[in-house]
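A.B. asks: Structure in structure tokens, see below.
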Amino acid sequence: MADLRTYLMGLQLQNPIIIGASGLTSMPDGVEKAAHSGVGAIVLKSLFEEQILAVLGQEMAGLDLNGYPDAEAFISRTAWEESTDEYLRLISESKRKAGGVPIIASINCVGQGRWADFARRIEEAGADALELNIAYVPFSPQISGQEIEKKVLSTVKETRSVTKLPIMVKLGNHYSSLPHLVHGLSKEGANAVVLFNRFFRFDFNLNTMRLSGAQPLSSETEYHESLRWTSILYKRVGLEIVSSTGIHNANAAVKCLLAGASAVEVCSIIYKKGWKIVEAIFKDMNILMDSLGYSSLDGLQGKLAAINADRPEEYHRLQYIKALTDIY
Ligand SMILES: Cc1cc2nc3c(=O)[nH]c(=O)nc-3n(C[C@H](O)[C@H](O)[C@H](O)COP(=O)(O)O)c2cc1C
């Protein structure tokens, strides 16, 4: 059996498979199942701004706030507290049920406000680390890419100022210079980056003539972007890397580790195949590592990263890789 232990942000993980934030980890029972499956760490479902707004909506239903200028602020405070208290209970319950498997809390922060302060309470509730899923969507033609990046950096800076927890930042893949942004995240005190968040696919339903979500689960062919950027960023940006999206099997997981990932996050494959797939992935990883001549992740991790490439020019001309390898 290969030794699959890995380090991430100073935490020792028994193996590099992390359960990504999702409904699978929205309740302590789900967290317990994840821990029993043998994974190395567990990211809890994110606390979303929308959850707080939903509580706020219920509270405001039927109330006439005209003439009570403080009422809205008060209600907004209670909505905040109700949603966040519930999340803090999830953290402490999950810690109890996870049997020592590290628990990573997750905040989906699209707006600005009290998120950073909340990180302090997450630390007090016992989380081992914090994942910030930062998803600013630039709807306005007035907002430049630089402004979006500044918001991302300031979210991390604010969070770092209130907590000593290891912070990993989960990003989408649509930034114009990912190495520059990720290096900036490292300067603001982040410890790792998750490449990438998978945004819900946008679609229209022609029967209802309304907006709808397309397939929420990834396919096994979607890991390539994560693999590409993991290999480009490894050891260049001062942050550890967790690969994510489309990692459905041992092959994809081992490729991401070879590219330089410290760990990988998986989600869709668990929805598709159930918790038993985790054991199957470990079994296949062992077989694969044995065939490649590795008995542990030492030496394997980063072996195929751009920084270690025999032919760095291939990494600089990635869009031409097919041409370089004579497919055409
Ligand atoms: C049903 C569902 C719920 C999700 N909820 C969250 C969430 O709360 N926070 C988050 O950061 N990502 C969330 N995600 C995204 C996953 O954590 C993951 O990044 C994405 O599914 C890509 O990984 P995969 O290809 O292994 O599924 C969710 C995904 C699914 C399918």
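Ordering of the structure tokens sets the chain letters (A, B, ...); residue numbers start at 1 within each chain; ligands are numbered from 1 in the order shown.
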Please identify every polymer residue within 6 Å of ligand 1, using only C-alpha atoms and all ligand atoms, and present the set as a list in words.
C.D. replies: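 Answer in the requested format: Gly20, Ala21, Ser22, Gly23, Lys45, Ser46, Asn133, Asn197, Arg198, Pro216, Leu217, Ser218, Ser244, Thr245, Gly246, Ile247, Val266, Cys267 and Ser268 of chain A.
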A.B. asks: Do a neighbour search on Gly126 (chain A) at 8 Å with only C-alpha atoms, toss out local chain neighbours closer than 6 positions, and write the hits as number ranges by chain.
C.D. replies: A: 91-92, 95
A.B. asks: Here is a test: counting only C-alpha atoms, which residue of A:Gly40, A:Pro16, A:Gly238, A:Gly10 is nearest to Cys256 (chain A)?
C.D. replies: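 Closest residue, counting only C-alpha atoms: A:Pro16.
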A.B. asks: Can you pull out every residue from region 175-296 of chain A that DSSP, working from the backbone, puts in strand (DSSP E), and format the result as a list in words?
C.D. replies: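 Result set for region 175-296 of chain A (strand (DSSP E)): Ala192, Val193, Val194, Leu195, Phe202, Asp203, Phe204, Asn205, Arg210, Leu211, Ser212, Gly213, Glu240, Ile241, Val242, Ser243, Ser244, Ala263, Val264, Glu265 and Val266 of chain A.
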A.B. asks: Could you please take those selected residues and save N, CA and C atoms as a short mmCIF file (atom, residue, chain, number, x, y, z; two decimals), in the first residue's frame?
C.D. replies:
```
data_model
loop_
_atom_site.label_atom_id
_atom_site.label_comp_id
_atom_site.auth_asym_id
_atom_site.auth_seq_id
_atom_site.Cartn_x
_atom_site.Cartn_y
_atom_site.Cartn_z
N ALA A 192 -3.45 28.73 0.45
CA ALA A 192 -3.62 27.81 -0.68
C ALA A 192 -4.68 28.35 -1.61
N VAL A 193 -4.68 27.82 -2.82
CA VAL A 193 -5.69 28.22 -3.79
C VAL A 193 -6.34 26.97 -4.35
N VAL A 194 -7.65 27.03 -4.55
CA VAL A 194 -8.37 25.90 -5.13
C VAL A 194 -8.68 26.23 -6.58
N LEU A 195 -8.16 25.41 -7.47
CA LEU A 195 -8.33 25.63 -8.91
C LEU A 195 -9.16 24.49 -9.50
N PHE A 202 -25.09 27.86 -17.18
CA PHE A 202 -26.17 28.79 -17.49
C PHE A 202 -26.97 28.24 -18.67
N ASP A 203 -28.30 28.28 -18.57
CA ASP A 203 -29.10 27.78 -19.69
C ASP A 203 -30.49 28.45 -19.68
N PHE A 204 -31.22 28.26 -20.76
CA PHE A 204 -32.61 28.70 -20.83
C PHE A 204 -33.50 27.47 -20.98
N ASN A 205 -34.64 27.52 -20.32
CA ASN A 205 -35.65 26.48 -20.52
C ASN A 205 -36.65 27.02 -21.54
N ARG A 210 -37.72 30.61 -19.38
CA ARG A 210 -37.03 31.24 -18.26
C ARG A 210 -35.61 30.71 -18.15
N LEU A 211 -34.86 31.42 -17.31
CA LEU A 211 -33.48 31.01 -17.02
C LEU A 211 -33.51 29.68 -16.26
N SER A 212 -32.57 28.80 -16.59
CA SER A 212 -32.50 27.55 -15.82
C SER A 212 -31.05 27.14 -15.67
N GLY A 213 -30.81 26.23 -14.76
CA GLY A 213 -29.44 25.73 -14.59
C GLY A 213 -29.26 24.49 -15.44
N GLU A 240 0.13 26.91 -1.83
CA GLU A 240 -0.13 25.51 -2.18
C GLU A 240 -1.37 25.45 -3.07
N ILE A 241 -1.48 24.37 -3.82
CA ILE A 241 -2.57 24.28 -4.79
C ILE A 241 -3.42 23.03 -4.53
N VAL A 242 -4.72 23.25 -4.58
CA VAL A 242 -5.67 22.13 -4.55
C VAL A 242 -6.37 22.13 -5.90
N SER A 243 -6.30 21.03 -6.61
CA SER A 243 -6.97 20.95 -7.92
C SER A 243 -8.42 20.53 -7.70
N SER A 244 -9.29 21.05 -8.55
CA SER A 244 -10.72 20.71 -8.41
C SER A 244 -11.44 20.93 -9.73
N ALA A 263 -3.35 18.46 -2.91
CA ALA A 263 -4.54 17.62 -2.71
C ALA A 263 -5.51 17.94 -3.83
N VAL A 264 -6.59 17.13 -3.90
CA VAL A 264 -7.62 17.41 -4.90
C VAL A 264 -8.98 17.42 -4.21
N GLU A 265 -9.88 18.24 -4.70
CA GLU A 265 -11.25 18.23 -4.17
C GLU A 265 -12.15 17.47 -5.13
N VAL A 266 -13.02 16.64 -4.57
CA VAL A 266 -13.98 15.91 -5.41
C VAL A 266 -15.39 16.14 -4.89
#
```
A.B. asks: Check the DSSP output for the backbone and give back, as a PyMOL selection string, the residues of region 15-207 of chain A in helix (DSSP H, G or I).
C.D. replies: chain A and resi 23-25+28-37+49-60+69-97+115-124+145-162+178-187
A.B. asks: So how far away is CA of Ile269 (chain A) from CA of Val101 (chain A), in Å?
C.D. replies: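 Between these atoms lies a distance of 20.1 Å.
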A.B. asks: Have a look at A:His180, A:His174, A:Lys283, A:Lys235 and name the one nearest to Gly302 (chain A); count only C-alpha atoms.
C.D. replies: A:Lys235
A.B. asks: Using only C-alpha atoms, determine which residues lie at most 12 Å from Ile277 (chain A), disregarding the query and same-chain residues fewer than 2 positions distant; provide the list as a PyMOL selection string.
C.D. replies: chain A and resi 17+34+37-39+248-250+266-275+279-284
A.B. asks: So, counting only C-alpha atoms, which residue among A:Val237, A:Ala127, A:Ala259, A:Val156 is closest to Glu225 (chain A)?
C.D. replies: A:Ala259
A.B. asks: Between CA of Ile42 (chain A) and CA of Ile103 (chain A), what distance in Å does the model show, to one decimal?
C.D. replies: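 Taking CA of Ile42 (chain A) as the start and CA of Ile103 (chain A) as the end point, the length is 5.2 Å.
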A.B. asks: I need the residue nearest Ile122 (chain A) from this list: A:Ser231, A:Gln142, A:Thr163, A:Thr221. Use only C-alpha atoms for the distance.
C.D. replies: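 Residue with the minimum atom-to-atom distance to Ile122 (chain A): A:Thr163.
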A.B. asks: Using Å and a single decimal, report how far CA of Leu4 (chain A) sits from CA of Ser262 (chain A).
C.D. replies: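 CA of Ser262 (chain A) sits 10.9 Å away from CA of Leu4 (chain A).
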A.B. asks: Nearest to Tyr7 (chain A) among A:Ser140, A:Val31, A:Ala190, A:Ala41, with distances taken over only C-alpha atoms: which residue is it?
C.D. replies: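 When distances to Tyr7 (chain A) are compared using only C-alpha atoms, the smallest one comes from A:Ala41.
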A.B. asks: Nearest residue to Asn308 (chain A) out of A:Tyr234, A:Tyr223, A:Trp80, A:Tyr294, using only C-alpha atoms?
C.D. replies: A:Tyr234
